[in-house]
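See structure below.
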Protein chains: 2
Amino acid sequence: MPRAGLDTAAVVAAGADLADEVGAGRPTMAMLAERLGVRTPSLYKHVAGQEDLNRRIAALAMSEAGEAVGTAVQGRAGRDALAAAARAFRTYVVDHPGRYGTTIGMEPAGPEDPLAAGSRRVLEPLLAVLRGYDLPETDETHALRMLRSLFHGFATLESAGGFQWSTDIDESFEWLIDFVDRGLRSG
Amino acid sequence: MPRAGLDTAAVVAAGADLADEVGAGRPTMAMLAERLGVRTPSLYKHVAGQEDLNRRIAALAMSEAGEAVGTAVQGRAGRDALAAAARAFRTYVVDHPGRYGTTIGMEPAGPEDPLAAGSRRVLEPLLAVLRGYDLPETDETHALRMLRSLFHGFATLESAGGFQWSTDIDESFEWLIDFVDRGLRSG
DNA sequence: CACGGCTGGCTAATGGACTTAGCTTTTAGT
DNA sequence: ACTAAAAGCTAAGTCCATTAGCCAGCCGTG
């Protein structure tokens, strides 16, 4: 009987793919095992259980989202950087709704939690974007929270089909970038 | 054997309470039945299943949130109305994290879905707030989506413990209201 | 007041999911 | 080649959601 050659990263990656296909929170250990060509209990050699798997998927999603935003921001500043960051984040979430959705409602268990580290990877480039505007230092945290809330909220609502009218969503998104840019410049 | 005297509304209300206590998506039919002093299968006389229960909880949450925001906005205009709406929404979500969390990622099944009706109850007063600003009509939908995204994102992140530094969250929230108000006035 | 039907409860049973325990075989290092 | 850890497996336990089918309490009619 040949070995499947799995490791934790492979299991988590497959779980993340599965979440993107069937929706956040929907994948079961059984589905994942079948996809990996392995029996369900074998998964427990690589992850501690469903809870652990989900935490790892969420951390992966955060880290990937952070990388996408970071890359998009490289070499840009001001409105350009803001728009690039926003679009990169939205694109990531729309392309990976399941794994990103796994992050929702999950509390980091402490500053050492990989999930918290992933969050920081997202926040870092956003902070860099804000540095391109002339904000009083005390406002930086507030603005950062605003950006995160706005991007997170928009992407989450969009990927859940939460915007009802026919008005073009892309258009709303560009409007939103403009709105934030103007607000930050006049701050 | 005396009757428990349940009906659909009572079951949904108890489910919503339970969600607030143990977290969105966590309540089981078994827990709910025990709390209602009834055996699990009896719940199916009032609710079609777990999926149906969650949809009803979500619809209830939306409707309640809409009512809270609507009441808060009554008799106010401009910045006042915006601030009242924002605070009412945030307060509702913080006080009822489980039932509000149940709405996340749930797609309305059509315009007749009570969940969609609940969403409209939230959007209505927000639209009224926007009417207090001088926006071009084409911007109204965009602004509405922005408000919804921002409030939803902020409240969701907050109630999941997603804001990491020690900077006061209330302060960020007030800053955010101010930011939006300024942006809408200069629109 | 009797009574018949609906309604809301119950028990029993099925199927599926997560998880643990314990065994076996591959594989990597000496 | 030999050993030991790692990675698979089967078997089994628990819990949950759901369906089927039964029975008793309530309501309205005669």
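Chains: A, B, ... in order of the structure tokens. Residues: from 1 per chain. Ligands: from 1, in order shown.
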
What parts of segment 22-98 of chain B does DSSP call alpha helix (DSSP H)? I'd like the answer as a PDB file with N, CA and C atoms, in the first residue's frame.
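The result, stored in states.pdb:
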```pdb
ATOM      1  N   VAL B  22     -23.827  31.248  22.815  1.00  0.00           N
ATOM      2  CA  VAL B  22     -22.757  30.302  22.490  1.00  0.00           C
ATOM      3  C   VAL B  22     -22.019  30.650  21.203  1.00  0.00           C
ATOM      4  N   MET B  29     -29.580  21.626  17.490  1.00  0.00           N
ATOM      5  CA  MET B  29     -30.994  21.344  17.736  1.00  0.00           C
ATOM      6  C   MET B  29     -31.163  20.764  19.140  1.00  0.00           C
ATOM      7  N   ALA B  30     -30.212  19.938  19.541  1.00  0.00           N
ATOM      8  CA  ALA B  30     -30.310  19.285  20.848  1.00  0.00           C
ATOM      9  C   ALA B  30     -30.273  20.324  21.976  1.00  0.00           C
ATOM     10  N   MET B  31     -29.361  21.273  21.878  1.00  0.00           N
ATOM     11  CA  MET B  31     -29.267  22.306  22.905  1.00  0.00           C
ATOM     12  C   MET B  31     -30.555  23.119  22.971  1.00  0.00           C
ATOM     13  N   LEU B  32     -31.042  23.475  21.794  1.00  0.00           N
ATOM     14  CA  LEU B  32     -32.244  24.288  21.741  1.00  0.00           C
ATOM     15  C   LEU B  32     -33.431  23.556  22.335  1.00  0.00           C
ATOM     16  N   ALA B  33     -33.545  22.274  21.993  1.00  0.00           N
ATOM     17  CA  ALA B  33     -34.658  21.480  22.520  1.00  0.00           C
ATOM     18  C   ALA B  33     -34.591  21.410  24.038  1.00  0.00           C
ATOM     19  N   GLU B  34     -33.398  21.163  24.550  1.00  0.00           N
ATOM     20  CA  GLU B  34     -33.262  21.040  25.995  1.00  0.00           C
ATOM     21  C   GLU B  34     -33.681  22.342  26.675  1.00  0.00           C
ATOM     22  N   ARG B  35     -33.203  23.444  26.095  1.00  0.00           N
ATOM     23  CA  ARG B  35     -33.557  24.727  26.690  1.00  0.00           C
ATOM     24  C   ARG B  35     -35.055  24.967  26.677  1.00  0.00           C
ATOM     25  N   GLN B  50     -32.440  22.712  10.624  1.00  0.00           N
ATOM     26  CA  GLN B  50     -31.439  23.646  11.102  1.00  0.00           C
ATOM     27  C   GLN B  50     -31.244  24.818  10.143  1.00  0.00           C
ATOM     28  N   GLU B  51     -31.205  24.495   8.887  1.00  0.00           N
ATOM     29  CA  GLU B  51     -31.054  25.529   7.871  1.00  0.00           C
ATOM     30  C   GLU B  51     -32.185  26.546   7.974  1.00  0.00           C
ATOM     31  N   ASP B  52     -33.389  26.032   8.044  1.00  0.00           N
ATOM     32  CA  ASP B  52     -34.558  26.907   8.159  1.00  0.00           C
ATOM     33  C   ASP B  52     -34.480  27.744   9.436  1.00  0.00           C
ATOM     34  N   LEU B  53     -34.115  27.112  10.527  1.00  0.00           N
ATOM     35  CA  LEU B  53     -33.980  27.837  11.789  1.00  0.00           C
ATOM     36  C   LEU B  53     -32.993  28.993  11.646  1.00  0.00           C
ATOM     37  N   ASN B  54     -31.845  28.709  11.046  1.00  0.00           N
ATOM     38  CA  ASN B  54     -30.833  29.756  10.908  1.00  0.00           C
ATOM     39  C   ASN B  54     -31.307  30.898  10.024  1.00  0.00           C
ATOM     40  N   ARG B  55     -32.007  30.559   8.966  1.00  0.00           N
ATOM     41  CA  ARG B  55     -32.536  31.623   8.108  1.00  0.00           C
ATOM     42  C   ARG B  55     -33.488  32.507   8.900  1.00  0.00           C
ATOM     43  N   ARG B  56     -34.304  31.870   9.728  1.00  0.00           N
ATOM     44  CA  ARG B  56     -35.281  32.641  10.501  1.00  0.00           C
ATOM     45  C   ARG B  56     -34.597  33.494  11.561  1.00  0.00           C
ATOM     46  N   ILE B  57     -33.561  32.944  12.174  1.00  0.00           N
ATOM     47  CA  ILE B  57     -32.809  33.735  13.150  1.00  0.00           C
ATOM     48  C   ILE B  57     -32.174  34.937  12.449  1.00  0.00           C
ATOM     49  N   ALA B  58     -31.595  34.689  11.307  1.00  0.00           N
ATOM     50  CA  ALA B  58     -30.950  35.773  10.564  1.00  0.00           C
ATOM     51  C   ALA B  58     -31.965  36.846  10.183  1.00  0.00           C
ATOM     52  N   ALA B  59     -33.123  36.416   9.721  1.00  0.00           N
ATOM     53  CA  ALA B  59     -34.156  37.380   9.333  1.00  0.00           C
ATOM     54  C   ALA B  59     -34.604  38.193  10.544  1.00  0.00           C
ATOM     55  N   LEU B  60     -34.745  37.510  11.675  1.00  0.00           N
ATOM     56  CA  LEU B  60     -35.110  38.212  12.908  1.00  0.00           C
ATOM     57  C   LEU B  60     -34.057  39.255  13.263  1.00  0.00           C
ATOM     58  N   ALA B  61     -32.802  38.853  13.175  1.00  0.00           N
ATOM     59  CA  ALA B  61     -31.712  39.771  13.527  1.00  0.00           C
ATOM     60  C   ALA B  61     -31.742  40.999  12.624  1.00  0.00           C
ATOM     61  N   MET B  62     -31.909  40.783  11.332  1.00  0.00           N
ATOM     62  CA  MET B  62     -31.937  41.909  10.405  1.00  0.00           C
ATOM     63  C   MET B  62     -33.100  42.840  10.727  1.00  0.00           C
ATOM     64  N   SER B  63     -34.233  42.225  10.972  1.00  0.00           N
ATOM     65  CA  SER B  63     -35.416  43.021  11.253  1.00  0.00           C
ATOM     66  C   SER B  63     -35.228  43.834  12.538  1.00  0.00           C
ATOM     67  N   GLU B  64     -34.700  43.195  13.556  1.00  0.00           N
ATOM     68  CA  GLU B  64     -34.457  43.896  14.818  1.00  0.00           C
ATOM     69  C   GLU B  64     -33.426  45.004  14.648  1.00  0.00           C
ATOM     70  N   ALA B  65     -32.362  44.695  13.913  1.00  0.00           N
ATOM     71  CA  ALA B  65     -31.335  45.720  13.686  1.00  0.00           C
ATOM     72  C   ALA B  65     -31.937  46.898  12.942  1.00  0.00           C
ATOM     73  N   GLY B  66     -32.760  46.588  11.934  1.00  0.00           N
ATOM     74  CA  GLY B  66     -33.407  47.652  11.178  1.00  0.00           C
ATOM     75  C   GLY B  66     -34.295  48.498  12.063  1.00  0.00           C
ATOM     76  N   GLU B  67     -35.006  47.843  12.948  1.00  0.00           N
ATOM     77  CA  GLU B  67     -35.879  48.601  13.842  1.00  0.00           C
ATOM     78  C   GLU B  67     -35.058  49.496  14.763  1.00  0.00           C
ATOM     79  N   ALA B  68     -33.957  48.950  15.276  1.00  0.00           N
ATOM     80  CA  ALA B  68     -33.103  49.743  16.168  1.00  0.00           C
ATOM     81  C   ALA B  68     -32.583  50.981  15.453  1.00  0.00           C
ATOM     82  N   VAL B  69     -32.108  50.771  14.239  1.00  0.00           N
ATOM     83  CA  VAL B  69     -31.562  51.904  13.493  1.00  0.00           C
ATOM     84  C   VAL B  69     -32.674  52.893  13.149  1.00  0.00           C
ATOM     85  N   GLY B  70     -33.804  52.359  12.732  1.00  0.00           N
ATOM     86  CA  GLY B  70     -34.929  53.231  12.381  1.00  0.00           C
ATOM     87  C   GLY B  70     -35.352  54.100  13.548  1.00  0.00           C
ATOM     88  N   THR B  71     -35.493  53.488  14.693  1.00  0.00           N
ATOM     89  CA  THR B  71     -35.894  54.249  15.883  1.00  0.00           C
ATOM     90  C   THR B  71     -34.861  55.321  16.221  1.00  0.00           C
ATOM     91  N   ALA B  72     -33.592  54.954  16.107  1.00  0.00           N
ATOM     92  CA  ALA B  72     -32.536  55.894  16.473  1.00  0.00           C
ATOM     93  C   ALA B  72     -32.535  57.120  15.574  1.00  0.00           C
ATOM     94  N   VAL B  73     -32.940  56.920  14.346  1.00  0.00           N
ATOM     95  CA  VAL B  73     -32.842  57.996  13.356  1.00  0.00           C
ATOM     96  C   VAL B  73     -34.012  58.976  13.450  1.00  0.00           C
ATOM     97  N   GLY B  78     -28.881  64.857   9.218  1.00  0.00           N
ATOM     98  CA  GLY B  78     -27.479  65.195   9.041  1.00  0.00           C
ATOM     99  C   GLY B  78     -26.560  64.357   9.906  1.00  0.00           C
ATOM    100  N   ARG B  79     -25.560  65.007  10.422  1.00  0.00           N
ATOM    101  CA  ARG B  79     -24.555  64.305  11.218  1.00  0.00           C
ATOM    102  C   ARG B  79     -25.166  63.606  12.410  1.00  0.00           C
ATOM    103  N   ASP B  80     -26.122  64.283  13.012  1.00  0.00           N
ATOM    104  CA  ASP B  80     -26.846  63.701  14.143  1.00  0.00           C
ATOM    105  C   ASP B  80     -27.464  62.346  13.804  1.00  0.00           C
ATOM    106  N   ALA B  81     -28.123  62.329  12.686  1.00  0.00           N
ATOM    107  CA  ALA B  81     -28.792  61.101  12.255  1.00  0.00           C
ATOM    108  C   ALA B  81     -27.765  60.027  11.936  1.00  0.00           C
ATOM    109  N   LEU B  82     -26.710  60.411  11.264  1.00  0.00           N
ATOM    110  CA  LEU B  82     -25.663  59.457  10.918  1.00  0.00           C
ATOM    111  C   LEU B  82     -25.075  58.815  12.176  1.00  0.00           C
ATOM    112  N   ALA B  83     -24.749  59.670  13.133  1.00  0.00           N
ATOM    113  CA  ALA B  83     -24.146  59.159  14.371  1.00  0.00           C
ATOM    114  C   ALA B  83     -25.115  58.246  15.107  1.00  0.00           C
ATOM    115  N   ALA B  84     -26.366  58.650  15.171  1.00  0.00           N
ATOM    116  CA  ALA B  84     -27.352  57.835  15.884  1.00  0.00           C
ATOM    117  C   ALA B  84     -27.520  56.477  15.204  1.00  0.00           C
ATOM    118  N   ALA B  85     -27.573  56.491  13.883  1.00  0.00           N
ATOM    119  CA  ALA B  85     -27.726  55.234  13.150  1.00  0.00           C
ATOM    120  C   ALA B  85     -26.530  54.327  13.386  1.00  0.00           C
ATOM    121  N   ALA B  86     -25.363  54.893  13.274  1.00  0.00           N
ATOM    122  CA  ALA B  86     -24.148  54.105  13.432  1.00  0.00           C
ATOM    123  C   ALA B  86     -24.078  53.491  14.832  1.00  0.00           C
ATOM    124  N   ARG B  87     -24.359  54.297  15.830  1.00  0.00           N
ATOM    125  CA  ARG B  87     -24.257  53.792  17.200  1.00  0.00           C
ATOM    126  C   ARG B  87     -25.324  52.737  17.468  1.00  0.00           C
ATOM    127  N   ALA B  88     -26.507  52.978  16.956  1.00  0.00           N
ATOM    128  CA  ALA B  88     -27.577  51.999  17.180  1.00  0.00           C
ATOM    129  C   ALA B  88     -27.222  50.659  16.546  1.00  0.00           C
ATOM    130  N   PHE B  89     -26.695  50.722  15.355  1.00  0.00           N
ATOM    131  CA  PHE B  89     -26.334  49.481  14.674  1.00  0.00           C
ATOM    132  C   PHE B  89     -25.235  48.752  15.432  1.00  0.00           C
ATOM    133  N   ARG B  90     -24.211  49.472  15.779  1.00  0.00           N
ATOM    134  CA  ARG B  90     -23.096  48.856  16.494  1.00  0.00           C
ATOM    135  C   ARG B  90     -23.563  48.264  17.824  1.00  0.00           C
ATOM    136  N   THR B  91     -24.359  49.027  18.539  1.00  0.00           N
ATOM    137  CA  THR B  91     -24.864  48.531  19.819  1.00  0.00           C
ATOM    138  C   THR B  91     -25.655  47.244  19.619  1.00  0.00           C
ATOM    139  N   TYR B  92     -26.476  47.249  18.598  1.00  0.00           N
ATOM    140  CA  TYR B  92     -27.268  46.041  18.368  1.00  0.00           C
ATOM    141  C   TYR B  92     -26.367  44.835  18.124  1.00  0.00           C
ATOM    142  N   VAL B  93     -25.390  45.003  17.284  1.00  0.00           N
ATOM    143  CA  VAL B  93     -24.525  43.862  16.948  1.00  0.00           C
ATOM    144  C   VAL B  93     -23.709  43.415  18.156  1.00  0.00           C
ATOM    145  N   VAL B  94     -23.205  44.368  18.914  1.00  0.00           N
ATOM    146  CA  VAL B  94     -22.404  43.996  20.083  1.00  0.00           C
ATOM    147  C   VAL B  94     -23.269  43.280  21.125  1.00  0.00           C
ATOM    148  N   ASP B  95     -24.507  43.714  21.247  1.00  0.00           N
ATOM    149  CA  ASP B  95     -25.400  43.086  22.223  1.00  0.00           C
ATOM    150  C   ASP B  95     -25.943  41.740  21.748  1.00  0.00           C
ATOM    151  N   PRO B  97     -24.402  39.387  19.267  1.00  0.00           N
ATOM    152  CA  PRO B  97     -23.411  38.959  18.273  1.00  0.00           C
ATOM    153  C   PRO B  97     -23.792  37.657  17.580  1.00  0.00           C
ATOM    154  N   GLY B  98     -24.414  36.767  18.310  1.00  0.00           N
ATOM    155  CA  GLY B  98     -24.741  35.474  17.730  1.00  0.00           C
ATOM    156  C   GLY B  98     -25.797  35.569  16.658  1.00  0.00           C
TER     157      GLY B  98
END
```

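Set the cut-off at 12 Å, count only C-alpha atoms (C1' of nucleotides), and the residues of chain C near chain A turn out to be C:DG16, C:DA17, C:DC18, C:DT19, C:DT20, C:DA21, C:DT24, C:DT25, C:DT26, C:DT27.
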
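The gap separating atom CA of Thr141 of chain A from atom CA of Arg148 of chain B is 21.1 Å, in Å to one decimal.
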
Chain A near chain D within 8 Å: what's each residue's closest atom pair and its distance in Å to one decimal, counting only C-alpha atoms (C1' of nucleotides), ordered by chain then ascending residue number, as CSV?
```
residue,atom,partner,partner_atom,distance
A:Arg3,CA,D:DG8,C1',6.8
A:Arg39,CA,D:DC9,C1',7.7
A:Ser42,CA,D:DG8,C1',6.4
A:Lys45,CA,D:DA7,C1',7.2
```

Keeping all heavy atoms, export the residues of the selection given above as an mmCIF file, in the first residue's frame.
```
data_model
loop_
_atom_site.group_PDB
_atom_site.id
_atom_site.type_symbol
_atom_site.label_atom_id
_atom_site.label_comp_id
_atom_site.auth_asym_id
_atom_site.auth_seq_id
_atom_site.Cartn_x
_atom_site.Cartn_y
_atom_site.Cartn_z
ATOM 1 N N ARG A 3 2.190 5.110 0.159
ATOM 2 C CA ARG A 3 1.848 6.261 0.991
ATOM 3 C C ARG A 3 1.297 7.406 0.155
ATOM 4 O O ARG A 3 1.672 7.580 -0.997
ATOM 5 C CB ARG A 3 3.107 6.761 1.705
ATOM 6 C CG ARG A 3 3.606 5.847 2.791
ATOM 7 C CD ARG A 3 3.015 6.223 4.119
ATOM 8 N NE ARG A 3 3.410 5.233 5.118
ATOM 9 C CZ ARG A 3 4.307 5.469 6.068
ATOM 10 N NH1 ARG A 3 4.862 6.647 6.174
ATOM 11 N NH2 ARG A 3 4.622 4.538 6.917
ATOM 12 N N ARG A 39 -8.198 7.833 4.097
ATOM 13 C CA ARG A 39 -9.326 7.650 4.998
ATOM 14 C C ARG A 39 -9.376 8.769 6.026
ATOM 15 O O ARG A 39 -8.339 9.300 6.423
ATOM 16 C CB ARG A 39 -9.218 6.299 5.702
ATOM 17 C CG ARG A 39 -9.164 5.122 4.755
ATOM 18 C CD ARG A 39 -10.445 4.978 3.978
ATOM 19 N NE ARG A 39 -10.450 3.764 3.169
ATOM 20 C CZ ARG A 39 -11.545 3.094 2.856
ATOM 21 N NH1 ARG A 39 -12.728 3.528 3.271
ATOM 22 N NH2 ARG A 39 -11.471 2.009 2.111
ATOM 23 N N SER A 42 -6.892 9.390 8.967
ATOM 24 C CA SER A 42 -5.511 9.704 8.605
ATOM 25 C C SER A 42 -5.234 11.208 8.674
ATOM 26 O O SER A 42 -4.098 11.622 8.922
ATOM 27 C CB SER A 42 -5.220 9.201 7.190
ATOM 28 O OG SER A 42 -5.478 7.821 7.103
ATOM 29 N N LYS A 45 -3.355 12.759 11.593
ATOM 30 C CA LYS A 45 -1.900 12.730 11.703
ATOM 31 C C LYS A 45 -1.302 14.089 11.341
ATOM 32 O O LYS A 45 -0.142 14.351 11.634
ATOM 33 C CB LYS A 45 -1.324 11.658 10.772
ATOM 34 C CG LYS A 45 -1.727 10.257 11.114
ATOM 35 C CD LYS A 45 -1.050 9.764 12.384
ATOM 36 C CE LYS A 45 -1.505 8.338 12.690
ATOM 37 N NZ LYS A 45 -0.847 7.798 13.884
#
```

Chain A contacts to chain B at 8 Å (only C-alpha atoms) as number ranges by chain | A: 101, 104-108, 141-143, 145-146, 148-154, 156-157, 159-163, 167, 171-173, 175-176, 179-180, 182-183
